[in-house]
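File shown here: target.cif, holding mmCIF, C-alpha atoms and all ligand atoms.
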```cif
data_work
#
loop_
_atom_site.label_atom_id
_atom_site.label_comp_id
_atom_site.auth_asym_id
_atom_site.auth_seq_id
_atom_site.Cartn_x
_atom_site.Cartn_y
_atom_site.Cartn_z
CA MET B 164 29.98 9.84 19.25
CA SER B 165 27.63 11.53 16.80
CA ARG B 166 24.91 9.28 15.48
CA PRO B 167 24.02 9.01 11.79
CA LYS B 168 20.65 10.45 10.87
CA VAL B 169 18.00 8.85 8.68
CA MET B 170 15.00 10.72 7.29
CA PHE B 171 11.73 8.96 6.44
CA VAL B 172 9.32 10.69 4.06
CA VAL B 173 5.62 9.75 3.99
CA GLY B 174 2.64 11.45 2.38
CA THR B 175 -0.17 9.05 1.54
CA ARG B 176 -1.96 6.37 3.50
CA PRO B 177 0.10 3.45 2.10
CA ASP B 178 3.35 5.37 2.69
CA ALA B 179 2.40 5.75 6.33
CA ILE B 180 1.28 2.15 6.88
CA LYS B 181 4.27 0.55 5.19
CA SER B 182 6.86 2.95 6.59
CA ALA B 183 5.51 2.91 10.16
CA PRO B 184 7.03 -0.43 11.22
CA VAL B 185 10.40 0.61 9.77
CA VAL B 186 10.32 4.01 11.50
CA ALA B 187 9.39 2.27 14.77
CA GLU B 188 12.29 -0.16 14.32
CA PHE B 189 14.79 2.69 13.85
CA LEU B 190 13.32 4.59 16.81
CA ARG B 191 13.93 1.47 18.94
CA HIS B 192 17.63 1.82 18.06
CA SER B 193 17.89 5.50 18.91
CA GLU B 194 21.12 4.96 20.84
CA VAL B 195 22.93 4.42 17.52
CA VAL B 196 20.82 6.26 14.94
CA GLU B 197 18.74 9.43 14.85
CA THR B 198 15.40 9.22 13.02
CA VAL B 199 13.43 12.09 11.51
CA LEU B 200 9.91 11.62 10.08
CA ILE B 201 8.65 14.13 7.52
CA SER B 202 5.12 14.15 6.16
CA THR B 203 4.47 15.84 2.84
CA GLY B 204 0.75 15.94 3.62
CA GLN B 205 -0.17 14.67 0.11
CA HIS B 206 -3.09 13.09 1.98
CA LYS B 207 -4.63 14.79 4.97
CA GLU B 208 -7.23 12.92 7.02
CA MET B 209 -6.16 9.52 5.68
CA LEU B 210 -2.53 10.14 6.56
CA THR B 211 -3.11 11.45 10.06
CA GLN B 212 -5.35 8.44 10.70
CA ALA B 213 -2.75 5.95 9.43
CA LEU B 214 0.13 7.45 11.40
CA ALA B 215 -2.00 7.63 14.56
CA ALA B 216 -2.69 3.88 14.29
CA PHE B 217 1.04 3.38 14.92
CA GLY B 218 1.42 6.19 17.49
CA LEU B 219 3.67 8.20 15.16
CA THR B 220 3.72 11.99 14.79
CA PRO B 221 5.78 13.62 12.04
CA ASP B 222 8.58 16.02 13.00
CA ALA B 223 7.37 18.30 10.18
CA ASP B 224 4.34 18.36 7.88
CA LEU B 225 4.51 20.18 4.54
CA GLY B 226 0.69 20.21 4.32
CA VAL B 227 0.56 20.19 0.52
CA MET B 228 -2.89 18.61 -0.03
CA THR B 229 -5.55 20.62 -1.83
CA HIS B 230 -8.81 19.25 -3.20
CA GLY B 231 -8.59 18.19 -6.82
CA GLN B 232 -4.80 18.40 -6.66
CA THR B 233 -2.90 17.75 -9.89
CA LEU B 234 0.20 15.60 -10.12
CA ALA B 235 2.29 18.59 -11.23
CA GLY B 236 0.92 20.74 -8.39
CA VAL B 237 1.68 18.12 -5.74
CA THR B 238 5.11 17.43 -7.23
CA GLN B 239 6.31 21.01 -7.21
CA LYS B 240 5.10 21.74 -3.70
CA ILE B 241 6.65 18.59 -2.27
CA LEU B 242 9.96 19.18 -4.06
CA ALA B 243 10.34 22.70 -2.68
CA GLY B 244 9.33 21.66 0.83
CA LEU B 245 11.51 18.54 1.00
CA ASP B 246 14.53 20.37 -0.32
CA GLU B 247 14.29 22.72 2.67
CA GLN B 248 13.89 19.80 5.08
CA ILE B 249 16.88 17.97 3.65
CA ALA B 250 18.99 21.13 3.80
CA ALA B 251 17.96 21.76 7.41
CA HIS B 252 18.42 18.18 8.70
CA GLN B 253 21.37 17.02 6.58
CA PRO B 254 20.37 13.33 6.83
CA ASP B 255 22.83 10.57 5.99
CA MET B 256 20.10 8.67 4.18
CA VAL B 257 16.57 9.44 2.98
CA PHE B 258 13.93 6.68 2.96
CA ALA B 259 10.63 6.40 1.13
CA GLN B 260 8.47 3.42 0.25
CA GLY B 261 6.57 2.28 -2.81
CA ASP B 262 5.43 4.32 -5.76
CA THR B 263 3.49 7.42 -4.78
CA THR B 264 4.25 10.96 -5.88
CA THR B 265 5.64 11.56 -2.40
CA THR B 266 8.07 8.67 -2.91
CA PHE B 267 9.21 9.84 -6.33
CA VAL B 268 9.80 13.40 -5.16
CA ALA B 269 11.56 12.30 -1.97
CA GLY B 270 13.94 10.41 -4.24
CA LEU B 271 14.38 13.36 -6.58
CA ALA B 272 15.01 15.80 -3.73
CA SER B 273 17.68 13.57 -2.20
CA PHE B 274 19.23 12.96 -5.62
CA TYR B 275 19.59 16.70 -6.23
CA ARG B 276 21.28 17.08 -2.83
CA GLN B 277 23.34 13.92 -3.46
CA ILE B 278 22.10 12.27 -0.27
CA PRO B 279 21.87 8.45 -0.47
CA PHE B 280 18.30 7.23 -0.99
CA ALA B 281 16.87 3.95 0.30
CA HIS B 282 13.83 2.53 -1.48
CA VAL B 283 11.50 0.34 0.55
CA GLU B 284 9.28 -1.95 -1.56
CA ALA B 285 11.63 -1.75 -4.52
CA GLY B 286 11.43 -3.63 -7.80
CA LEU B 287 7.67 -4.00 -8.33
CA ARG B 288 6.97 -3.75 -12.04
CA THR B 289 4.24 -4.10 -14.62
CA GLU B 290 4.87 -4.31 -18.35
CA SER B 291 3.60 -0.79 -19.00
CA ILE B 292 4.98 2.55 -17.83
CA TRP B 293 1.37 3.86 -18.07
CA ASN B 294 -0.23 1.32 -15.79
CA PRO B 295 -0.61 1.94 -12.92
CA PHE B 296 -0.40 5.65 -13.66
CA PRO B 297 1.72 7.40 -12.47
CA GLU B 298 2.98 4.80 -9.99
CA GLU B 299 4.90 2.64 -12.48
CA PHE B 300 6.98 5.65 -13.48
CA ASN B 301 7.50 6.69 -9.86
CA ARG B 302 8.99 3.40 -8.74
CA ARG B 303 11.12 2.92 -11.83
CA ALA B 304 12.47 6.47 -11.52
CA VAL B 305 13.70 6.07 -7.94
CA GLY B 306 15.16 2.68 -8.84
CA LEU B 307 17.63 4.51 -11.12
CA PHE B 308 19.58 6.09 -8.28
CA ALA B 309 18.66 4.36 -5.00
CA LYS B 310 21.68 3.28 -2.99
CA LEU B 311 19.75 0.56 -1.16
CA HIS B 312 16.86 -1.32 -2.79
CA PHE B 313 14.73 -3.26 -0.31
CA ALA B 314 12.84 -5.71 -2.50
CA PRO B 315 9.88 -7.42 -0.83
CA THR B 316 10.20 -10.71 -2.78
CA GLU B 317 12.61 -12.67 -4.98
CA TRP B 318 10.54 -11.69 -8.00
CA SER B 319 10.91 -7.97 -7.33
CA ALA B 320 14.66 -8.39 -6.71
CA LYS B 321 14.98 -10.13 -10.09
CA ASN B 322 13.24 -7.22 -11.80
CA LEU B 323 15.93 -4.90 -10.47
CA LEU B 324 18.78 -7.17 -11.52
CA ARG B 325 17.29 -7.32 -15.02
CA GLU B 326 17.56 -3.53 -15.08
CA ASN B 327 21.28 -3.83 -14.27
CA VAL B 328 20.98 -2.53 -10.73
CA ASP B 329 24.12 -3.39 -8.71
CA PRO B 330 23.31 -6.77 -7.06
CA ALA B 331 25.20 -5.69 -3.92
CA SER B 332 22.59 -2.98 -3.35
CA VAL B 333 19.52 -5.26 -3.61
CA PHE B 334 18.14 -7.06 -0.53
CA VAL B 335 15.08 -9.30 -0.28
CA THR B 336 13.39 -8.40 2.99
CA GLY B 337 9.68 -9.26 2.73
CA ASN B 338 7.12 -6.49 2.52
CA THR B 339 6.90 -4.12 5.49
CA GLY B 340 3.12 -4.04 4.95
CA ILE B 341 3.03 -7.59 6.34
CA ASP B 342 4.90 -6.38 9.46
CA ALA B 343 2.19 -3.73 9.82
CA VAL B 344 -0.75 -6.06 9.29
CA LYS B 345 0.55 -8.78 11.62
CA HIS B 346 1.35 -6.34 14.38
CA THR B 347 -2.04 -4.68 14.09
CA ALA B 348 -4.08 -7.89 13.90
CA GLN B 349 -2.47 -9.04 17.16
CA ILE B 350 -3.13 -5.95 19.24
CA HIS B 351 -6.43 -4.62 17.95
CA LYS B 352 -9.61 -6.09 19.36
CA LYS B 353 -12.45 -4.42 17.44
CA SER B 354 -14.83 -6.71 15.58
CA TRP B 355 -17.22 -5.89 12.76
CA TYR B 356 -20.75 -7.09 12.03
CA GLU B 357 -21.11 -9.31 15.09
CA ASN B 358 -24.88 -9.19 14.72
CA TRP B 359 -24.82 -10.12 11.05
CA ALA B 360 -24.71 -13.88 10.59
CA GLY B 361 -24.29 -13.63 6.82
CA ARG B 362 -21.32 -13.06 4.57
CA ILE B 363 -19.43 -9.85 3.89
CA VAL B 364 -18.13 -8.72 0.52
CA LEU B 365 -15.63 -5.89 0.95
CA LEU B 366 -15.01 -3.45 -1.90
CA THR B 367 -12.32 -0.78 -2.23
CA THR B 368 -11.55 1.13 -5.43
CA HIS B 369 -9.62 4.34 -5.91
CA ARG B 370 -7.08 3.91 -8.75
CA ARG B 371 -6.79 6.64 -11.35
CA GLU B 372 -7.04 4.14 -14.24
CA ASN B 373 -10.46 3.13 -12.86
CA TRP B 374 -11.96 6.60 -12.39
CA GLY B 375 -15.23 7.10 -14.29
CA ALA B 376 -16.65 4.32 -16.49
CA PRO B 377 -14.60 1.38 -15.06
CA GLN B 378 -15.64 2.31 -11.52
CA GLU B 379 -19.28 2.51 -12.62
CA GLN B 380 -19.02 -1.02 -14.00
CA ILE B 381 -17.43 -2.26 -10.78
CA ALA B 382 -20.21 -0.68 -8.72
CA ARG B 383 -22.97 -2.15 -10.92
CA ALA B 384 -21.42 -5.63 -10.69
CA ALA B 385 -21.16 -5.30 -6.89
CA LEU B 386 -24.82 -4.30 -6.71
CA ARG B 387 -25.83 -7.38 -8.74
CA LEU B 388 -23.77 -9.60 -6.40
CA VAL B 389 -25.65 -8.35 -3.33
CA GLU B 390 -29.00 -8.69 -5.06
CA THR B 391 -28.18 -12.26 -6.16
CA HIS B 392 -27.02 -13.34 -2.68
CA PRO B 393 -29.46 -12.29 0.05
CA ASP B 394 -27.13 -13.58 2.79
CA THR B 395 -24.41 -11.06 1.87
CA LYS B 396 -23.71 -7.50 2.85
CA LEU B 397 -21.55 -5.31 0.65
CA VAL B 398 -19.23 -3.02 2.60
CA VAL B 399 -17.59 -0.26 0.58
CA ALA B 400 -14.66 1.44 2.29
CA MET B 401 -14.66 4.69 0.36
CA HIS B 402 -11.59 6.71 -0.50
CA ARG B 403 -11.71 10.42 0.32
CA ASN B 404 -11.45 11.42 -3.31
CA PRO B 405 -14.74 13.27 -4.06
CA ASP B 406 -15.03 12.00 -7.67
CA VAL B 407 -14.60 8.37 -6.59
CA ARG B 408 -17.27 8.91 -3.92
CA ALA B 409 -19.73 10.44 -6.35
CA THR B 410 -19.54 7.38 -8.63
CA LEU B 411 -19.93 4.87 -5.80
CA THR B 412 -22.73 6.64 -3.95
CA GLY B 413 -24.60 7.29 -7.21
CA ILE B 414 -24.94 3.55 -7.87
CA LEU B 415 -24.79 1.94 -4.44
CA SER B 416 -26.47 4.19 -1.88
CA GLY B 417 -29.90 3.44 -0.42
CA HIS B 418 -29.70 -0.39 -0.42
CA GLU B 419 -30.40 -2.06 2.94
CA ARG B 420 -27.51 -4.52 2.59
CA ILE B 421 -24.93 -2.08 1.31
CA ASP B 422 -22.85 -0.02 3.73
CA LEU B 423 -20.88 2.86 2.25
CA ILE B 424 -18.46 3.70 5.00
CA GLU B 425 -15.84 6.39 5.61
CA PRO B 426 -12.26 5.11 5.27
CA PRO B 427 -11.85 3.10 8.47
CA ASP B 428 -8.62 3.69 10.30
CA TYR B 429 -5.97 1.12 9.54
CA ALA B 430 -6.51 -1.09 12.57
CA ASP B 431 -10.26 -1.21 11.94
CA PHE B 432 -9.68 -1.95 8.27
CA VAL B 433 -7.46 -4.91 9.16
CA LYS B 434 -10.28 -6.35 11.26
CA LEU B 435 -12.76 -5.72 8.46
CA MET B 436 -10.55 -7.66 6.03
CA GLN B 437 -10.43 -10.53 8.51
CA ARG B 438 -14.24 -10.54 8.73
CA ALA B 439 -14.73 -10.48 4.94
CA ASN B 440 -15.54 -13.60 2.91
CA LEU B 441 -14.52 -12.01 -0.36
CA ILE B 442 -12.58 -8.86 -1.23
CA LEU B 443 -12.90 -6.89 -4.46
CA THR B 444 -10.14 -4.30 -4.73
CA ASP B 445 -7.86 -2.29 -7.00
CA SER B 446 -5.50 -1.50 -4.12
CA GLY B 447 -1.97 -2.89 -4.10
CA GLY B 448 -1.70 -3.07 -0.32
CA VAL B 449 -4.96 -4.96 0.13
CA GLN B 450 -3.76 -7.56 -2.40
CA GLU B 451 -0.78 -8.16 -0.15
CA GLU B 452 -2.59 -8.13 3.16
CA ALA B 453 -5.64 -10.29 2.44
CA PRO B 454 -3.69 -13.55 1.79
CA SER B 455 -2.37 -13.34 5.38
CA PHE B 456 -5.98 -13.93 6.48
CA GLY B 457 -6.92 -16.45 3.82
CA VAL B 458 -9.52 -14.22 2.19
CA PRO B 459 -9.89 -14.56 -1.62
CA VAL B 460 -9.16 -11.36 -3.53
CA LEU B 461 -10.51 -10.39 -6.93
CA VAL B 462 -8.21 -7.71 -8.32
CA LEU B 463 -10.05 -5.01 -10.28
CA ARG B 464 -7.15 -4.25 -12.59
CA THR B 465 -5.74 -5.49 -15.87
CA THR B 466 -2.13 -5.59 -14.67
CA THR B 467 -0.52 -6.23 -11.33
CA GLU B 468 2.95 -5.62 -10.00
CA ARG B 469 2.17 -8.21 -7.33
CA PRO B 470 1.91 -11.52 -9.22
CA GLU B 471 2.91 -13.59 -6.18
CA GLY B 472 -0.68 -13.70 -4.84
CA VAL B 473 -2.00 -14.70 -8.27
CA ASP B 474 0.67 -17.43 -8.51
CA ALA B 475 -0.18 -18.66 -5.02
CA GLY B 476 -3.85 -18.86 -6.04
CA THR B 477 -5.22 -16.42 -3.43
CA ALA B 478 -5.78 -13.55 -5.87
CA LYS B 479 -7.22 -13.36 -9.36
CA LEU B 480 -6.75 -10.53 -11.83
CA ILE B 481 -10.16 -9.81 -13.37
CA GLY B 482 -10.19 -6.22 -14.68
CA THR B 483 -13.26 -4.00 -14.41
CA ASP B 484 -15.80 -5.30 -16.93
CA GLU B 485 -19.21 -5.54 -15.22
CA GLU B 486 -20.00 -9.00 -16.57
CA VAL B 487 -16.60 -10.42 -15.62
CA VAL B 488 -16.65 -8.90 -12.12
CA PHE B 489 -20.15 -10.26 -11.55
CA PHE B 490 -19.28 -13.67 -12.99
CA GLU B 491 -16.13 -14.12 -10.89
CA GLY B 492 -17.72 -12.77 -7.71
CA ASN B 493 -20.83 -14.88 -8.20
CA ARG B 494 -18.74 -18.01 -8.70
CA LEU B 495 -16.93 -17.52 -5.40
CA LEU B 496 -20.16 -16.75 -3.56
CA SER B 497 -22.04 -19.72 -5.09
CA ASP B 498 -19.42 -22.46 -5.19
CA PRO B 499 -17.83 -23.36 -1.83
CA ALA B 500 -15.13 -25.44 -3.54
CA SER B 501 -13.91 -22.52 -5.66
CA HIS B 502 -13.93 -20.30 -2.58
CA ALA B 503 -12.05 -22.86 -0.47
CA GLU B 504 -9.40 -23.22 -3.15
CA MET B 505 -8.61 -19.50 -3.05
CA ALA B 506 -8.96 -19.16 0.72
CA LYS B 507 -5.55 -20.58 1.43
CA ALA B 508 -3.79 -18.70 4.21
CA VAL B 509 -0.41 -18.19 2.63
CA SER B 510 1.53 -14.99 2.72
CA PRO B 511 3.87 -14.82 -0.26
CA TYR B 512 4.68 -11.21 0.59
CA GLY B 513 6.54 -11.50 3.86
CA ASP B 514 6.91 -12.98 7.33
CA GLY B 515 6.57 -9.84 9.45
CA LEU B 516 10.31 -9.26 9.96
CA ALA B 517 11.07 -6.98 7.01
CA SER B 518 11.61 -3.87 9.16
CA SER B 519 14.32 -5.43 11.31
CA ARG B 520 16.15 -6.61 8.18
CA ILE B 521 15.98 -3.11 6.72
CA ARG B 522 17.29 -1.61 9.95
CA TYR B 523 20.14 -4.13 10.14
CA ILE B 524 21.24 -3.70 6.51
CA THR B 525 20.99 0.10 6.63
CA LEU B 526 22.97 0.48 9.83
CA ARG B 527 25.63 -1.88 8.53
CA SER B 528 25.90 0.24 5.38
CA LEU B 529 26.34 3.28 7.66
CA GLY B 530 29.16 1.48 9.49
CA ILE B 531 27.16 0.38 12.57
CA GLU B 532 26.83 -3.26 13.63
CA THR B 533 23.64 -4.02 15.61
CA ASP B 534 21.90 -7.24 16.58
CA GLU B 535 21.76 -9.49 13.56
CA VAL B 536 18.53 -10.75 12.01
CA SER B 537 17.68 -13.88 10.06
CA MET B 538 17.20 -13.25 6.37
CA TRP B 539 14.04 -14.36 4.63
CA ALA B 540 14.51 -17.70 2.93
C1 LIG S 1 -2.49 8.26 -3.92
C2 LIG S 1 -1.32 7.61 -4.65
C3 LIG S 1 -1.63 6.14 -4.93
C4 LIG S 1 -2.04 5.43 -3.65
C5 LIG S 1 -3.21 6.17 -3.01
C6 LIG S 1 -3.65 5.55 -1.70
C7 LIG S 1 -0.08 9.11 -6.15
C8 LIG S 1 0.00 9.67 -7.52
N1 LIG S 1 -1.10 8.27 -5.94
O1 LIG S 1 -3.61 8.29 -4.82
O2 LIG S 1 -0.47 5.52 -5.44
O3 LIG S 1 -2.46 4.10 -3.96
O4 LIG S 1 -2.78 7.52 -2.75
O5 LIG S 1 -4.76 6.23 -1.18
O6 LIG S 1 0.73 9.42 -5.30
N2 LIG S 1 -8.19 13.36 -0.48
C9 LIG S 1 -8.72 13.94 0.70
N3 LIG S 1 -8.19 13.58 1.91
C10 LIG S 1 -7.19 12.67 2.03
C11 LIG S 1 -6.66 12.10 0.84
C12 LIG S 1 -7.16 12.45 -0.39
O7 LIG S 1 -9.63 14.73 0.65
O8 LIG S 1 -6.75 12.37 3.15
C13 LIG S 1 -8.78 13.71 -1.81
C14 LIG S 1 -8.32 15.04 -2.38
O9 LIG S 1 -9.42 15.62 -3.02
C15 LIG S 1 -7.30 14.65 -3.45
C16 LIG S 1 -7.83 13.32 -3.91
O10 LIG S 1 -8.38 12.73 -2.75
O11 LIG S 1 -7.26 15.59 -4.48
C17 LIG S 1 -6.81 12.41 -4.56
O12 LIG S 1 -5.63 12.29 -3.75
P1 LIG S 1 -4.18 12.07 -4.47
O13 LIG S 1 -3.13 12.06 -3.41
O14 LIG S 1 -4.05 13.04 -5.59
O15 LIG S 1 -4.25 10.67 -5.15
P2 LIG S 1 -4.84 9.30 -4.64
O16 LIG S 1 -5.87 8.94 -5.65
O17 LIG S 1 -5.22 9.32 -3.21
#
```
Mind turning this structure into structure tokens?
Amino acid sequence: MSRPKVMFVVGTRPDAIKSAPVVAEFLRHSEVVETVLISTGQHKEMLTQALAAFGLTPDADLGVMTHGQTLAGVTQKILAGLDEQIAAHQPDMVFAQGDTTTTFVAGLASFYRQIPFAHVEAGLRTESIWNPFPEEFNRRAVGLFAKLHFAPTEWSAKNLLRENVDPASVFVTGNTGIDAVKHTAQIHKKSWYENWAGRIVLLTTHRRENWGAPQEQIARAALRLVETHPDTKLVVAMHRNPDVRATLTGILSGHERIDLIEPPDYADFVKLMQRANLILTDSGGVQEEAPSFGVPVLVLRTTTERPEGVDAGTAKLIGTDEEVVFFEGNRLLSDPASHAEMAKAVSPYGDGLASSRIRYITLRSLGIETDEVSMWA
């Protein structure tokens, strides 16, 4: 009997991390389904690193990354390359996760070829199509034609229903990023800063809306936090983007309690989050992962498509104003009660079983019954 074929498309670090557990789950069922993994190469070092953390190697890599790449440049190269891959492999379904340019173009390429598209991490929304840019557009666009929408939470499922998406195509699965983080935290043994008895503040910032002046304000506030609290070290996990690096190193390099580090590989980063006492970030994925470890997160953005952490009290949306970032950070570092209140280990984003639900629902939609899974209550 010929097996149906599914194609996963990844291109950036978050695509790799959040797709990896799903790809692994399909590969475990290779007797009933064939799985192809295509990398667009929108990211280079950061993608290879993320895939390697899960022992995955793409079947093809379009290698599109260039330094200073524009959105239009990346889009056109990915579209041409993926169209060829889809034509060559003739998949029964194409998968992509989240809201990156890779995700949007994977959707577009499968739409043009009229191949069903499955969207992992569907239904996240902010109020503004411009924020985050261009991610809000990317995820809304693929939501228009996806055949299967895997919503991580009830809230994201409701967003889709409000947009008149067919309810029979929407499934609440939990976020696959929680599958990834739980799996990794269990198997990886590395520890950070064993010889440092003090506290760690972890900073990551890369978002386009924050390039330039907002990132300068973030960096200045972070510097003031370290200077105010001599028992803290600031660890900055820098993105590869050269402009982001220039801003951060300009303000933060040369201080004895500030470590500007290369992007750690995923498994190391998970351990670093576990070691941190406070996380300042504009990343979506980090907002989801940190609550699993009970680490308070200050979100350096004015909007979030992930309100569940804010509602649960483990994350706070604070924007990028230097005074506000310093004030909020300083409060958590000075007042144990405020810190304890946010440090509640709840994970509103998933229970670690999202990938098996996605596999089960997909195979059933392709006419294959496999071992059933419990749905997320
Ligand atoms: C992309 C995604 C964003 C995601 C982020 C995670 C889009 C539009 N944005 O943003 O949603 O949160 O990835 O990191 O899809 N670079 C390297 N090596 C790498 C990766 C990047 O040198 O491995 C440099 C290149 O100079 C590149 C720049 O970083 O031009 C920016 O990369 P790009 O993919 O354009 O956008 P990100 O800001 O990474």
Legend entry - Selection within 8 Å of ligand LIG 1 (chain S) by only C-alpha atoms and all ligand atoms, output as a PyMOL selection string: chain B and resi 175-177+205-211+228-234+237+262-266+296-298+369-371+402-405+446-447
Inset, instruction - May I have the residues within 6 Å of Leu366 of chain B as a list in words, using all atoms listed in the file and disregarding those fewer than 5 positions away in the same chain? - result: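 Once the adjacent positions are removed, what remains is Val399, Ile442, Leu443 and Thr444 of chain B.
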Next, the residues of the selection above should be written as a PDB file, in the frame of the given file with C-alpha atoms.
```
ATOM      1  CA  VAL B 399     -17.590  -0.260   0.580  1.00  0.00           C
ATOM      2  CA  ILE B 442     -12.580  -8.860  -1.230  1.00  0.00           C
ATOM      3  CA  LEU B 443     -12.900  -6.890  -4.460  1.00  0.00           C
ATOM      4  CA  THR B 444     -10.140  -4.300  -4.730  1.00  0.00           C
TER       5      THR B 444
END
```
Legend entry - Lys310 of chain B environment, 7 Å, only C-alpha atoms, sequence neighbours closer than 3 positions dropped, as a ChimeraX atom specification: /B:279-281,332
Inset, instruction - In the coordinate frame of the file, compute which residues have an atom within 12 Å of (9.1, 20.9, -5.3) when using only C-alpha atoms, and state them as a ChimeraX atom specification. - result: /B:203,225,227,234-248,264-265,267-273,275
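Take atom CA of Phe334 of chain B and atom CA of Ala285 of chain B: the distance between them is 9.3 Å.
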Inset, instruction - Can you pull out every residue within 10 Å of segment 468-475 of chain B, counting only C-alpha atoms, but drop anything in the same chain fewer than 2 positions away, and send it as a VMD selection string? - result: chain B and resid 286 to 290 294 to 295 299 316 to 319 447 to 448 450 to 454 459 to 462 466 477 to 480 505 507 to 512
Inset, instruction - Point out the residue among B:Pro330, B:Arg387, B:Val433, B:Gln277 with the least atom-to-atom distance to His418 of chain B, counting all atoms listed in the file. - result: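 Distance minimum relative to His418 of chain B lands on B:Arg387.
Pairwise distance (atom CA of Asn301 of chain B, atom CA of Trp374 of chain B) equals 19.6 Å.
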Inset, instruction - Could you tell me how far atom CA of Asp342 of chain B lies from atom CA of His192 of chain B, in Å and to one decimal? - result: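 Distance reported for this atom pair: 17.4 Å.
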Counting all atoms listed in the file, find the residues whose atoms lie at most 12 Å from (20.6, -13.1, 8.5) (file coordinates) and write them out as an mmCIF file with C-alpha atoms, in the frame of the given file.
```cif
data_model
loop_
_atom_site.group_PDB
_atom_site.id
_atom_site.type_symbol
_atom_site.label_atom_id
_atom_site.label_comp_id
_atom_site.auth_asym_id
_atom_site.auth_seq_id
_atom_site.Cartn_x
_atom_site.Cartn_y
_atom_site.Cartn_z
ATOM 1 C CA PHE B 334 18.140 -7.060 -0.530
ATOM 2 C CA VAL B 335 15.080 -9.300 -0.280
ATOM 3 C CA THR B 336 13.390 -8.400 2.990
ATOM 4 C CA LEU B 516 10.310 -9.260 9.960
ATOM 5 C CA ALA B 517 11.070 -6.980 7.010
ATOM 6 C CA SER B 519 14.320 -5.430 11.310
ATOM 7 C CA ARG B 520 16.150 -6.610 8.180
ATOM 8 C CA ILE B 521 15.980 -3.110 6.720
ATOM 9 C CA TYR B 523 20.140 -4.130 10.140
ATOM 10 C CA ILE B 524 21.240 -3.700 6.510
ATOM 11 C CA THR B 533 23.640 -4.020 15.610
ATOM 12 C CA ASP B 534 21.900 -7.240 16.580
ATOM 13 C CA GLU B 535 21.760 -9.490 13.560
ATOM 14 C CA VAL B 536 18.530 -10.750 12.010
ATOM 15 C CA SER B 537 17.680 -13.880 10.060
ATOM 16 C CA MET B 538 17.200 -13.250 6.370
ATOM 17 C CA TRP B 539 14.040 -14.360 4.630
ATOM 18 C CA ALA B 540 14.510 -17.700 2.930
#
```
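Between Ile249 of chain B and the candidates B:Ala216, B:Val185, B:Ala400, B:Val172, the tightest atom-to-atom separation, counting all atoms listed in the file, involves B:Val172.
Closest approach to Phe490 of chain B from the set B:Val458, B:Ala385, B:Ala506, B:Ala409 is made by B:Ala385, with distances taken over only C-alpha atoms.
Using all atoms listed in the file, the nearest neighbour of Asp484 of chain B within the list B:Gly361, B:Pro377, B:Gly261, B:Gly457 is B:Pro377.
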Inset, instruction - Would you mind telling me which residue in B:Ala430, B:Ile381, B:Thr391, B:Asp329 lies nearest to Leu415 of chain B when using all atoms listed in the file? - result: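 So, comparing all the options, the nearest one is B:Ile381.
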